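J.: This is the structure I have questions about; it appears just below.
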Amino acid sequence: MKPEDQRLTSEQVGSIVKMLSLTTDREFNCAECLQHVSEFAECQLAKKPVGEVIASVEQHLALCPECREEYEALMKILKAGK
Ligand SMILES: [Zn+2]
């Protein structure tokens, strides 16, 4: 068998599993995150307790730099509007 015929190495499988465990927790994706991110931002500003869905936003933001950028931009707008 040639090396290129090999399926995933155990190292690759390990990193994929690790990646999945980070990204598919609660199956929250970017689209869903962005749907709720304004709610999350408002909770943060009002220092309200966050619900379960909103907690997932926070979790997603911790893992996803793109959504965190959206969130930070939103926070600036909300703070400026006060
Ligand atoms: Zn995201």
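All residue names refer to the structure tokens as shown: chains lettered A, B, ... in order, residues numbered from 1 in each chain, ligands numbered from 1 in order.
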Distance limit 12 Å, reference ligand 1, atoms considered: only C-alpha atoms and all ligand atoms. Which residues make the cut? Give them as a PyMOL selection string.

T.: chain A and resi 22-24+27-37+56-71

J.: In Å, rounded to a single decimal, give me how far atom CA of A:Gly81 is from atom CA of A:Val53.

T.: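 Atom CA of A:Val53 sits 25.1 Å away from atom CA of A:Gly81.
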
J.: Neighbouring residues of A:Met75 were defined as those with any atom within 9 Å, considering only C-alpha atoms; residues of the same chain fewer than 5 positions away were excluded. Please report them as a PDB file with N, CA and C atoms, in the first residue's frame.

T.:
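And here is the file that came out, part.pdb:
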ATOM      1  N   SER A  38     -27.097  40.019  19.057  1.00  0.00           N
ATOM      2  CA  SER A  38     -27.550  41.322  19.548  1.00  0.00           C
ATOM      3  C   SER A  38     -28.223  41.163  20.918  1.00  0.00           C
ATOM      4  N   ALA A  41     -25.462  40.827  23.343  1.00  0.00           N
ATOM      5  CA  ALA A  41     -24.835  42.128  23.601  1.00  0.00           C
ATOM      6  C   ALA A  41     -25.691  42.958  24.548  1.00  0.00           C
ATOM      7  N   GLU A  42     -27.019  42.909  24.339  1.00  0.00           N
ATOM      8  CA  GLU A  42     -27.915  43.675  25.208  1.00  0.00           C
ATOM      9  C   GLU A  42     -27.886  43.157  26.641  1.00  0.00           C
ATOM     10  N   GLN A  44     -25.363  41.737  28.012  1.00  0.00           N
ATOM     11  CA  GLN A  44     -24.072  42.156  28.556  1.00  0.00           C
ATOM     12  C   GLN A  44     -24.138  43.606  29.024  1.00  0.00           C
ATOM     13  N   LEU A  45     -24.731  44.452  28.201  1.00  0.00           N
ATOM     14  CA  LEU A  45     -24.804  45.879  28.538  1.00  0.00           C
ATOM     15  C   LEU A  45     -25.713  46.118  29.738  1.00  0.00           C
ATOM     16  N   GLU A  70     -17.960  40.593  14.920  1.00  0.00           N
ATOM     17  CA  GLU A  70     -19.330  41.098  14.773  1.00  0.00           C
ATOM     18  C   GLU A  70     -19.843  41.607  16.110  1.00  0.00           C
ATOM     19  N   ALA A  80     -22.268  53.377  21.943  1.00  0.00           N
ATOM     20  CA  ALA A  80     -22.306  54.722  21.388  1.00  0.00           C
ATOM     21  C   ALA A  80     -23.713  55.278  21.387  1.00  0.00           C
TER      22      ALA A  80
END
